[in-house]
file model13.pdb (PDB, C-alpha atoms)
ATOM      1  CA  MET A1152     149.775  73.938 123.097  1.00  0.00           C
ATOM      2  CA  THR A1153     152.192  76.707 123.936  1.00  0.00           C
ATOM      3  CA  PRO A1154     151.532  79.355 126.586  1.00  0.00           C
ATOM      4  CA  ASP A1155     151.666  81.990 123.824  1.00  0.00           C
ATOM      5  CA  ALA A1156     148.975  80.160 121.840  1.00  0.00           C
ATOM      6  CA  ILE A1157     146.728  79.919 124.899  1.00  0.00           C
ATOM      7  CA  GLU A1158     147.245  83.606 125.631  1.00  0.00           C
ATOM      8  CA  LYS A1159     146.314  84.464 122.040  1.00  0.00           C
ATOM      9  CA  LEU A1160     143.101  82.424 122.343  1.00  0.00           C
ATOM     10  CA  ALA A1161     142.300  84.052 125.695  1.00  0.00           C
ATOM     11  CA  ARG A1162     142.706  87.491 124.129  1.00  0.00           C
ATOM     12  CA  GLN A1163     140.381  86.459 121.301  1.00  0.00           C
ATOM     13  CA  VAL A1164     137.775  85.302 123.831  1.00  0.00           C
ATOM     14  CA  LEU A1165     137.984  88.572 125.742  1.00  0.00           C
ATOM     15  CA  GLU A1166     137.652  90.583 122.523  1.00  0.00           C
ATOM     16  CA  ALA A1167     134.695  88.470 121.358  1.00  0.00           C
ATOM     17  CA  CYS A1168     132.947  88.828 124.716  1.00  0.00           C
ATOM     18  CA  ARG A1169     133.454  92.590 124.640  1.00  0.00           C
ATOM     19  CA  ARG A1170     132.137  92.780 121.071  1.00  0.00           C
ATOM     20  CA  HIS A1171     129.013  90.829 122.113  1.00  0.00           C
ATOM     21  CA  GLN A1172     128.708  92.592 125.489  1.00  0.00           C
ATOM     22  CA  ALA A1173     128.928  89.211 127.201  1.00  0.00           C
ATOM     23  CA  MET A1174     130.140  88.369 130.674  1.00  0.00           C
ATOM     24  CA  LEU A1175     131.716  84.924 131.095  1.00  0.00           C
ATOM     25  CA  ALA A1176     131.750  82.291 133.841  1.00  0.00           C
ATOM     26  CA  THR A1177     133.864  79.142 133.861  1.00  0.00           C
ATOM     27  CA  ALA A1178     133.093  75.784 135.466  1.00  0.00           C
ATOM     28  CA  GLU A1179     136.172  73.594 135.551  1.00  0.00           C
ATOM     29  CA  SER A1180     137.060  70.164 136.796  1.00  0.00           C
ATOM     30  CA  CYS A1181     140.134  68.572 135.188  1.00  0.00           C
ATOM     31  CA  THR A1182     141.608  71.955 134.201  1.00  0.00           C
ATOM     32  CA  GLY A1183     141.422  73.118 137.806  1.00  0.00           C
ATOM     33  CA  GLY A1184     140.972  76.798 136.950  1.00  0.00           C
ATOM     34  CA  LEU A1185     143.376  77.035 134.015  1.00  0.00           C
ATOM     35  CA  VAL A1186     140.694  78.497 131.722  1.00  0.00           C
ATOM     36  CA  ALA A1187     139.885  81.255 134.208  1.00  0.00           C
ATOM     37  CA  ALA A1188     143.604  81.779 134.836  1.00  0.00           C
ATOM     38  CA  ALA A1189     144.337  82.138 131.113  1.00  0.00           C
ATOM     39  CA  LEU A1190     141.687  84.840 130.878  1.00  0.00           C
ATOM     40  CA  THR A1191     142.556  86.667 134.084  1.00  0.00           C
ATOM     41  CA  ASP A1192     146.276  86.662 133.282  1.00  0.00           C
ATOM     42  CA  ILE A1193     145.368  89.424 130.823  1.00  0.00           C
ATOM     43  CA  ALA A1194     145.059  92.911 132.277  1.00  0.00           C
ATOM     44  CA  GLY A1195     141.575  94.350 131.944  1.00  0.00           C
ATOM     45  CA  SER A1196     139.806  90.979 131.850  1.00  0.00           C
ATOM     46  CA  SER A1197     137.573  91.972 134.772  1.00  0.00           C
ATOM     47  CA  ASP A1198     135.139  93.597 132.349  1.00  0.00           C
ATOM     48  CA  VAL A1199     134.467  90.140 130.862  1.00  0.00           C
ATOM     49  CA  VAL A1200     135.231  87.455 133.453  1.00  0.00           C
ATOM     50  CA  GLU A1201     132.401  87.360 135.972  1.00  0.00           C
ATOM     51  CA  ARG A1202     133.557  84.337 138.007  1.00  0.00           C
ATOM     52  CA  GLY A1203     135.076  80.900 137.859  1.00  0.00           C
ATOM     53  CA  PHE A1204     134.045  77.698 139.591  1.00  0.00           C
ATOM     54  CA  VAL A1205     136.602  74.976 140.231  1.00  0.00           C
ATOM     55  CA  THR A1206     134.442  71.938 140.861  1.00  0.00           C
ATOM     56  CA  TYR A1207     136.956  69.135 141.007  1.00  0.00           C
ATOM     57  CA  SER A1208     134.892  66.759 143.126  1.00  0.00           C
ATOM     58  CA  ASN A1209     131.423  65.435 142.419  1.00  0.00           C
ATOM     59  CA  GLU A1210     130.237  67.085 145.632  1.00  0.00           C
ATOM     60  CA  ALA A1211     131.512  70.457 144.402  1.00  0.00           C
ATOM     61  CA  LYS A1212     129.703  70.003 141.086  1.00  0.00           C
ATOM     62  CA  ASN A1213     126.517  69.397 143.054  1.00  0.00           C
ATOM     63  CA  ASP A1214     127.016  72.047 145.758  1.00  0.00           C
ATOM     64  CA  MET A1215     128.378  74.901 143.653  1.00  0.00           C
ATOM     65  CA  LEU A1216     126.660  74.332 140.299  1.00  0.00           C
ATOM     66  CA  GLY A1217     123.577  72.305 141.198  1.00  0.00           C
ATOM     67  CA  VAL A1218     124.570  69.338 139.032  1.00  0.00           C
ATOM     68  CA  PRO A1219     122.203  66.597 140.217  1.00  0.00           C
ATOM     69  CA  ALA A1220     123.965  63.769 142.044  1.00  0.00           C
ATOM     70  CA  ALA A1221     121.712  61.345 140.152  1.00  0.00           C
ATOM     71  CA  LEU A1222     123.017  62.688 136.830  1.00  0.00           C
ATOM     72  CA  ILE A1223     126.608  62.153 137.960  1.00  0.00           C
ATOM     73  CA  ALA A1224     125.727  58.669 139.223  1.00  0.00           C
ATOM     74  CA  SER A1225     124.023  57.652 135.977  1.00  0.00           C
ATOM     75  CA  HIS A1226     126.436  59.156 133.425  1.00  0.00           C
ATOM     76  CA  GLY A1227     129.629  59.704 135.394  1.00  0.00           C
ATOM     77  CA  ALA A1228     131.335  63.006 136.135  1.00  0.00           C
ATOM     78  CA  VAL A1229     133.161  62.778 132.809  1.00  0.00           C
ATOM     79  CA  SER A1230     130.241  62.889 130.390  1.00  0.00           C
ATOM     80  CA  ALA A1231     128.541  65.173 127.911  1.00  0.00           C
ATOM     81  CA  GLU A1232     125.513  65.335 130.196  1.00  0.00           C
ATOM     82  CA  VAL A1233     127.503  66.514 133.218  1.00  0.00           C
ATOM     83  CA  ALA A1234     129.477  69.017 131.131  1.00  0.00           C
ATOM     84  CA  ALA A1235     126.188  70.541 129.928  1.00  0.00           C
ATOM     85  CA  ALA A1236     124.784  70.615 133.468  1.00  0.00           C
ATOM     86  CA  MET A1237     127.972  72.295 134.694  1.00  0.00           C
ATOM     87  CA  ALA A1238     127.737  75.068 132.081  1.00  0.00           C
ATOM     88  CA  GLU A1239     124.032  75.594 132.728  1.00  0.00           C
ATOM     89  CA  GLY A1240     124.652  75.555 136.486  1.00  0.00           C
ATOM     90  CA  ALA A1241     127.364  78.186 136.124  1.00  0.00           C
ATOM     91  CA  LEU A1242     124.832  80.430 134.381  1.00  0.00           C
ATOM     92  CA  ARG A1243     122.304  79.885 137.185  1.00  0.00           C
ATOM     93  CA  HIS A1244     124.879  80.732 139.864  1.00  0.00           C
ATOM     94  CA  ALA A1245     126.519  83.724 138.162  1.00  0.00           C
ATOM     95  CA  ARG A1246     125.625  87.028 136.573  1.00  0.00           C
ATOM     96  CA  ALA A1247     127.318  85.945 133.358  1.00  0.00           C
ATOM     97  CA  SER A1248     125.572  85.672 130.008  1.00  0.00           C
ATOM     98  CA  VAL A1249     127.806  82.825 128.782  1.00  0.00           C
ATOM     99  CA  ALA A1250     129.527  79.944 130.548  1.00  0.00           C
ATOM    100  CA  VAL A1251     131.971  77.231 129.592  1.00  0.00           C
ATOM    101  CA  SER A1252     132.618  73.946 131.375  1.00  0.00           C
ATOM    102  CA  VAL A1253     135.317  71.285 131.272  1.00  0.00           C
ATOM    103  CA  THR A1254     135.303  67.799 132.813  1.00  0.00           C
ATOM    104  CA  GLY A1255     137.700  65.026 131.959  1.00  0.00           C
ATOM    105  CA  ILE A1256     140.397  62.553 132.864  1.00  0.00           C
ATOM    106  CA  ALA A1257     143.839  64.151 132.760  1.00  0.00           C
ATOM    107  CA  GLY A1258     145.629  61.077 134.113  1.00  0.00           C
ATOM    108  CA  PRO A1259     147.955  59.473 134.460  1.00  0.00           C
ATOM    109  CA  GLY A1260     145.485  57.206 136.291  1.00  0.00           C
ATOM    110  CA  GLY A1261     141.738  57.164 136.596  1.00  0.00           C
ATOM    111  CA  GLY A1262     140.888  56.036 133.092  1.00  0.00           C
ATOM    112  CA  SER A1263     139.010  52.952 131.937  1.00  0.00           C
ATOM    113  CA  GLU A1264     138.338  51.272 128.610  1.00  0.00           C
ATOM    114  CA  ALA A1265     135.087  53.210 128.237  1.00  0.00           C
ATOM    115  CA  LYS A1266     136.542  56.468 129.560  1.00  0.00           C
ATOM    116  CA  PRO A1267     140.277  56.508 128.881  1.00  0.00           C
ATOM    117  CA  VAL A1268     142.853  58.995 130.089  1.00  0.00           C
ATOM    118  CA  GLY A1269     142.633  61.999 127.796  1.00  0.00           C
ATOM    119  CA  LEU A1270     138.834  61.964 127.467  1.00  0.00           C
ATOM    120  CA  VAL A1271     137.463  65.455 128.067  1.00  0.00           C
ATOM    121  CA  HIS A1272     133.918  66.779 127.683  1.00  0.00           C
ATOM    122  CA  PHE A1273     133.149  70.467 127.219  1.00  0.00           C
ATOM    123  CA  ALA A1274     129.988  72.532 127.065  1.00  0.00           C
ATOM    124  CA  ALA A1275     129.266  76.198 126.569  1.00  0.00           C
ATOM    125  CA  ALA A1276     125.869  77.692 127.317  1.00  0.00           C
ATOM    126  CA  SER A1277     124.314  81.117 126.998  1.00  0.00           C
ATOM    127  CA  ARG A1278     121.351  82.894 128.477  1.00  0.00           C
ATOM    128  CA  ALA A1279     120.094  83.174 124.890  1.00  0.00           C
ATOM    129  CA  GLY A1280     119.504  79.407 125.067  1.00  0.00           C
ATOM    130  CA  SER A1281     122.412  78.114 123.037  1.00  0.00           C
ATOM    131  CA  LEU A1282     124.327  75.040 124.134  1.00  0.00           C
ATOM    132  CA  VAL A1283     127.351  73.696 122.289  1.00  0.00           C
ATOM    133  CA  ARG A1284     129.194  70.551 123.294  1.00  0.00           C
ATOM    134  CA  LEU A1285     132.529  69.069 122.422  1.00  0.00           C
ATOM    135  CA  GLU A1286     134.216  65.757 123.189  1.00  0.00           C
ATOM    136  CA  ARG A1287     137.953  65.287 122.829  1.00  0.00           C
ATOM    137  CA  ARG A1288     140.028  62.151 123.173  1.00  0.00           C
ATOM    138  CA  TYR A1289     143.546  63.496 123.467  1.00  0.00           C
ATOM    139  CA  GLY A1290     145.085  60.151 124.353  1.00  0.00           C
ATOM    140  CA  PRO A1291     147.818  59.640 126.944  1.00  0.00           C
ATOM    141  CA  LEU A1292     149.702  62.879 126.221  1.00  0.00           C
ATOM    142  CA  GLY A1293     150.540  63.418 129.868  1.00  0.00           C
ATOM    143  CA  ARG A1294     148.609  65.357 132.474  1.00  0.00           C
ATOM    144  CA  LYS A1295     150.044  68.785 131.692  1.00  0.00           C
ATOM    145  CA  ALA A1296     149.545  68.484 127.925  1.00  0.00           C
ATOM    146  CA  ILE A1297     145.960  67.257 128.325  1.00  0.00           C
ATOM    147  CA  ARG A1298     145.092  70.129 130.662  1.00  0.00           C
ATOM    148  CA  GLU A1299     146.692  72.694 128.326  1.00  0.00           C
ATOM    149  CA  ALA A1300     144.933  71.259 125.259  1.00  0.00           C
ATOM    150  CA  ALA A1301     141.630  71.258 127.157  1.00  0.00           C
ATOM    151  CA  THR A1302     142.147  74.884 128.170  1.00  0.00           C
ATOM    152  CA  ALA A1303     142.664  75.868 124.543  1.00  0.00           C
ATOM    153  CA  ASP A1304     139.610  73.910 123.380  1.00  0.00           C
ATOM    154  CA  ALA A1305     137.444  75.472 126.102  1.00  0.00           C
ATOM    155  CA  LEU A1306     138.495  78.942 124.951  1.00  0.00           C
ATOM    156  CA  ARG A1307     137.708  78.055 121.316  1.00  0.00           C
ATOM    157  CA  LEU A1308     134.305  76.752 122.385  1.00  0.00           C
ATOM    158  CA  VAL A1309     133.404  80.125 123.908  1.00  0.00           C
ATOM    159  CA  ILE A1310     134.119  81.772 120.564  1.00  0.00           C
ATOM    160  CA  ASP A1311     132.004  79.120 118.792  1.00  0.00           C
ATOM    161  CA  LEU A1312     129.126  79.764 121.205  1.00  0.00           C
ATOM    162  CA  LEU A1313     129.284  83.518 120.700  1.00  0.00           C
ATOM    163  CA  ASP A1314     129.303  83.042 116.917  1.00  0.00           C
ATOM    164  CA  ALA A1315     126.292  80.693 117.143  1.00  0.00           C
ATOM    165  CA  ASP A1316     124.370  83.127 119.317  1.00  0.00           C
ATOM    166  CA  GLN A1317     125.132  86.006 116.971  1.00  0.00           C
ATOM    167  CA  ALA A1318     123.976  83.955 113.979  1.00  0.00           C
ATOM    168  CA  THR A1319     120.630  83.269 115.688  1.00  0.00           C
ATOM    169  CA  GLY A1320     120.223  86.828 116.930  1.00  0.00           C
ATOM    170  CA  GLY A1321     120.767  85.987 120.586  1.00  0.00           C
ATOM    171  CA  LEU A1322     123.674  88.407 121.083  1.00  0.00           C
ATOM    172  CA  PRO A1323     124.548  91.851 119.710  1.00  0.00           C
TER
END
call {"tool": "encode", "arguments": {"input": "model13.pdb", "output": "structure tokens"}}
result
Amino acid sequence: MTPDAIEKLARQVLEACRRHQAMLATAESCTGGLVAAALTDIAGSSDVVERGFVTYSNEAKNDMLGVPAALIASHGAVSAEVAAAMAEGALRHARASVAVSVTGIAGPGGGSEAKPVGLVHFAAASRAGSLVRLERRYGPLGRKAIREAATADALRLVIDLLDADQATGGLP
């Protein structure tokens, strides 16, 4: 994923949020703030980006987002369940109407047979009650490429969430 492609996606997210009068929060682990950075690199993004949480450790996920330690213990930090809890926790701890989360294994180490390097879980949630999830298995592309690909997919997921909420009447 090129920086230009990520910037284009970030602009699309900002435009979609403005169109739907939505404020956005991010909750990031393996991307370490790259989603929020992609958005805030664009002048004028402060009318959309409410806040970003970088919750790299399990303790941060618990302390900052309220992800239950028992959920992390039972499913692992890199799981669909934790990604959903991160997005929902971001909504509880922010004034945003939509939130996106990312948790994964960027490598080069830290993977296992069940959860290999390149596995990333995403979730996007809205105050209208929508929750969309995504799992990607990028493979061993290298840490930078995995984090960039995950940033792009997180941005796309926000657009998908906004479209889903509009279709159900949850957003203007």
call {"tool": "residues_around", "arguments": {"input": "model13.pdb", "residues": "segment 1207-1210 of chain A", "least_positions_apart": "6", "cutoff": "10 Å", "atoms": "all atoms listed in the file", "output": "PyMOL selection string"}}
result
chain A and resi 1178-1184+1216-1220+1223-1224+1227-1228+1254-1255
call {"tool": "resolve_selection", "arguments": {"input": "model13.pdb", "expression": "the PyMOL selection byres ((chain A and resi 1188) around 12)", "output": "PyMOL selection string"}}
result
chain A and resi 1154+1157-1158+1161+1176-1177+1179+1182-1187+1189-1194+1196-1197+1200+1202-1205+1299+1302-1303+1306
call {"tool": "write_last_selection", "arguments": {"input": "model13.pdb", "atoms": "C-alpha atoms", "output": "mmCIF file, keeping the file's coordinate frame"}}
result
data_model
loop_
_atom_site.group_PDB
_atom_site.id
_atom_site.type_symbol
_atom_site.label_atom_id
_atom_site.label_comp_id
_atom_site.auth_asym_id
_atom_site.auth_seq_id
_atom_site.Cartn_x
_atom_site.Cartn_y
_atom_site.Cartn_z
ATOM 1 C CA PRO A 1154 151.532 79.355 126.586
ATOM 2 C CA ILE A 1157 146.728 79.919 124.899
ATOM 3 C CA GLU A 1158 147.245 83.606 125.631
ATOM 4 C CA ALA A 1161 142.300 84.052 125.695
ATOM 5 C CA ALA A 1176 131.750 82.291 133.841
ATOM 6 C CA THR A 1177 133.864 79.142 133.861
ATOM 7 C CA GLU A 1179 136.172 73.594 135.551
ATOM 8 C CA THR A 1182 141.608 71.955 134.201
ATOM 9 C CA GLY A 1183 141.422 73.118 137.806
ATOM 10 C CA GLY A 1184 140.972 76.798 136.950
ATOM 11 C CA LEU A 1185 143.376 77.035 134.015
ATOM 12 C CA VAL A 1186 140.694 78.497 131.722
ATOM 13 C CA ALA A 1187 139.885 81.255 134.208
ATOM 14 C CA ALA A 1189 144.337 82.138 131.113
ATOM 15 C CA LEU A 1190 141.687 84.840 130.878
ATOM 16 C CA THR A 1191 142.556 86.667 134.084
ATOM 17 C CA ASP A 1192 146.276 86.662 133.282
ATOM 18 C CA ILE A 1193 145.368 89.424 130.823
ATOM 19 C CA ALA A 1194 145.059 92.911 132.277
ATOM 20 C CA SER A 1196 139.806 90.979 131.850
ATOM 21 C CA SER A 1197 137.573 91.972 134.772
ATOM 22 C CA VAL A 1200 135.231 87.455 133.453
ATOM 23 C CA ARG A 1202 133.557 84.337 138.007
ATOM 24 C CA GLY A 1203 135.076 80.900 137.859
ATOM 25 C CA PHE A 1204 134.045 77.698 139.591
ATOM 26 C CA VAL A 1205 136.602 74.976 140.231
ATOM 27 C CA GLU A 1299 146.692 72.694 128.326
ATOM 28 C CA THR A 1302 142.147 74.884 128.170
ATOM 29 C CA ALA A 1303 142.664 75.868 124.543
ATOM 30 C CA LEU A 1306 138.495 78.942 124.951
#
call {"tool": "resolve_selection", "arguments": {"input": "model13.pdb", "expression": "the PyMOL selection byres ((chain A and resi 1174) around 12)", "output": "PyMOL selection string"}}
result
chain A and resi 1164-1173+1175-1177+1196-1203+1241-1242+1245-1251+1276-1278+1309+1313+1322
call {"tool": "closest_residue", "arguments": {"input": "model13.pdb", "among": "A:Val1229, A:Met1152, A:Ala1275, A:Leu1285", "to": "Gly1262 of chain A", "atoms": "only C-alpha atoms"}}
result
A:Val1229
call {"tool": "residues_around", "arguments": {"input": "model13.pdb", "residues": "Arg1284 of chain A", "least_positions_apart": "5", "cutoff": "9 Å", "atoms": "only C-alpha atoms", "output": "list in words"}}
result
Ala1231, Ala1234, Ala1235, His1272, Phe1273, Ala1274, Ala1275, Ala1276 and Leu1308 of chain A
call {"tool": "atom_distance", "arguments": {"input": "model13.pdb", "atom1": "atom CA of Val1271 of chain A", "atom2": "atom CA of Arg1287 of chain A"}}
result
5.3 Å
call {"tool": "residues_near_point", "arguments": {"input": "model13.pdb", "point": "(142.8, 60.3, 127.0)", "cutoff": "12 Å", "atoms": "all atoms listed in the file", "output": "number ranges by chain"}}
result
A: 1181, 1229, 1255-1272, 1286-1294, 1296-1298, 1300-1301
call {"tool": "atom_distance", "arguments": {"input": "model13.pdb", "atom1": "atom CA of Arg1162 of chain A", "atom2": "atom CA of Glu1232 of chain A"}}
result
28.7 Å
call {"tool": "atom_distance", "arguments": {"input": "model13.pdb", "atom1": "atom CA of Arg1307 of chain A", "atom2": "atom CA of Met1215 of chain A"}}
result
24.4 Å
call {"tool": "closest_residue", "arguments": {"input": "model13.pdb", "among": "A:Leu1312, A:Ala1156, A:Val1233, A:Val1283", "to": "Thr1206 of chain A", "atoms": "only C-alpha atoms"}}
result
A:Val1233
call {"tool": "decode", "arguments": {"input": "model13.pdb", "residues": "segment 1159-1173 of chain A", "atoms": "C-alpha atoms", "output": "PDB file, in the first residue's frame"}}
result
ATOM      1  CA  LYS A1159      -6.693   8.874  -0.591  1.00  0.00           C
ATOM      2  CA  LEU A1160      -8.532   6.437   1.703  1.00  0.00           C
ATOM      3  CA  ALA A1161      -8.110   8.797   4.666  1.00  0.00           C
ATOM      4  CA  ARG A1162      -9.619  11.631   2.631  1.00  0.00           C
ATOM      5  CA  GLN A1163     -12.543   9.383   1.701  1.00  0.00           C
ATOM      6  CA  VAL A1164     -13.104   8.547   5.377  1.00  0.00           C
ATOM      7  CA  LEU A1165     -13.064  12.212   6.354  1.00  0.00           C
ATOM      8  CA  GLU A1166     -15.510  13.079   3.566  1.00  0.00           C
ATOM      9  CA  ALA A1167     -17.816  10.190   4.516  1.00  0.00           C
ATOM     10  CA  CYS A1168     -17.762  11.181   8.187  1.00  0.00           C
ATOM     11  CA  ARG A1169     -18.581  14.777   7.284  1.00  0.00           C
ATOM     12  CA  ARG A1170     -21.421  13.647   5.011  1.00  0.00           C
ATOM     13  CA  HIS A1171     -22.862  11.529   7.855  1.00  0.00           C
ATOM     14  CA  GLN A1172     -22.066  14.118  10.550  1.00  0.00           C
ATOM     15  CA  ALA A1173     -19.992  11.502  12.357  1.00  0.00           C
TER      16      ALA A1173
END
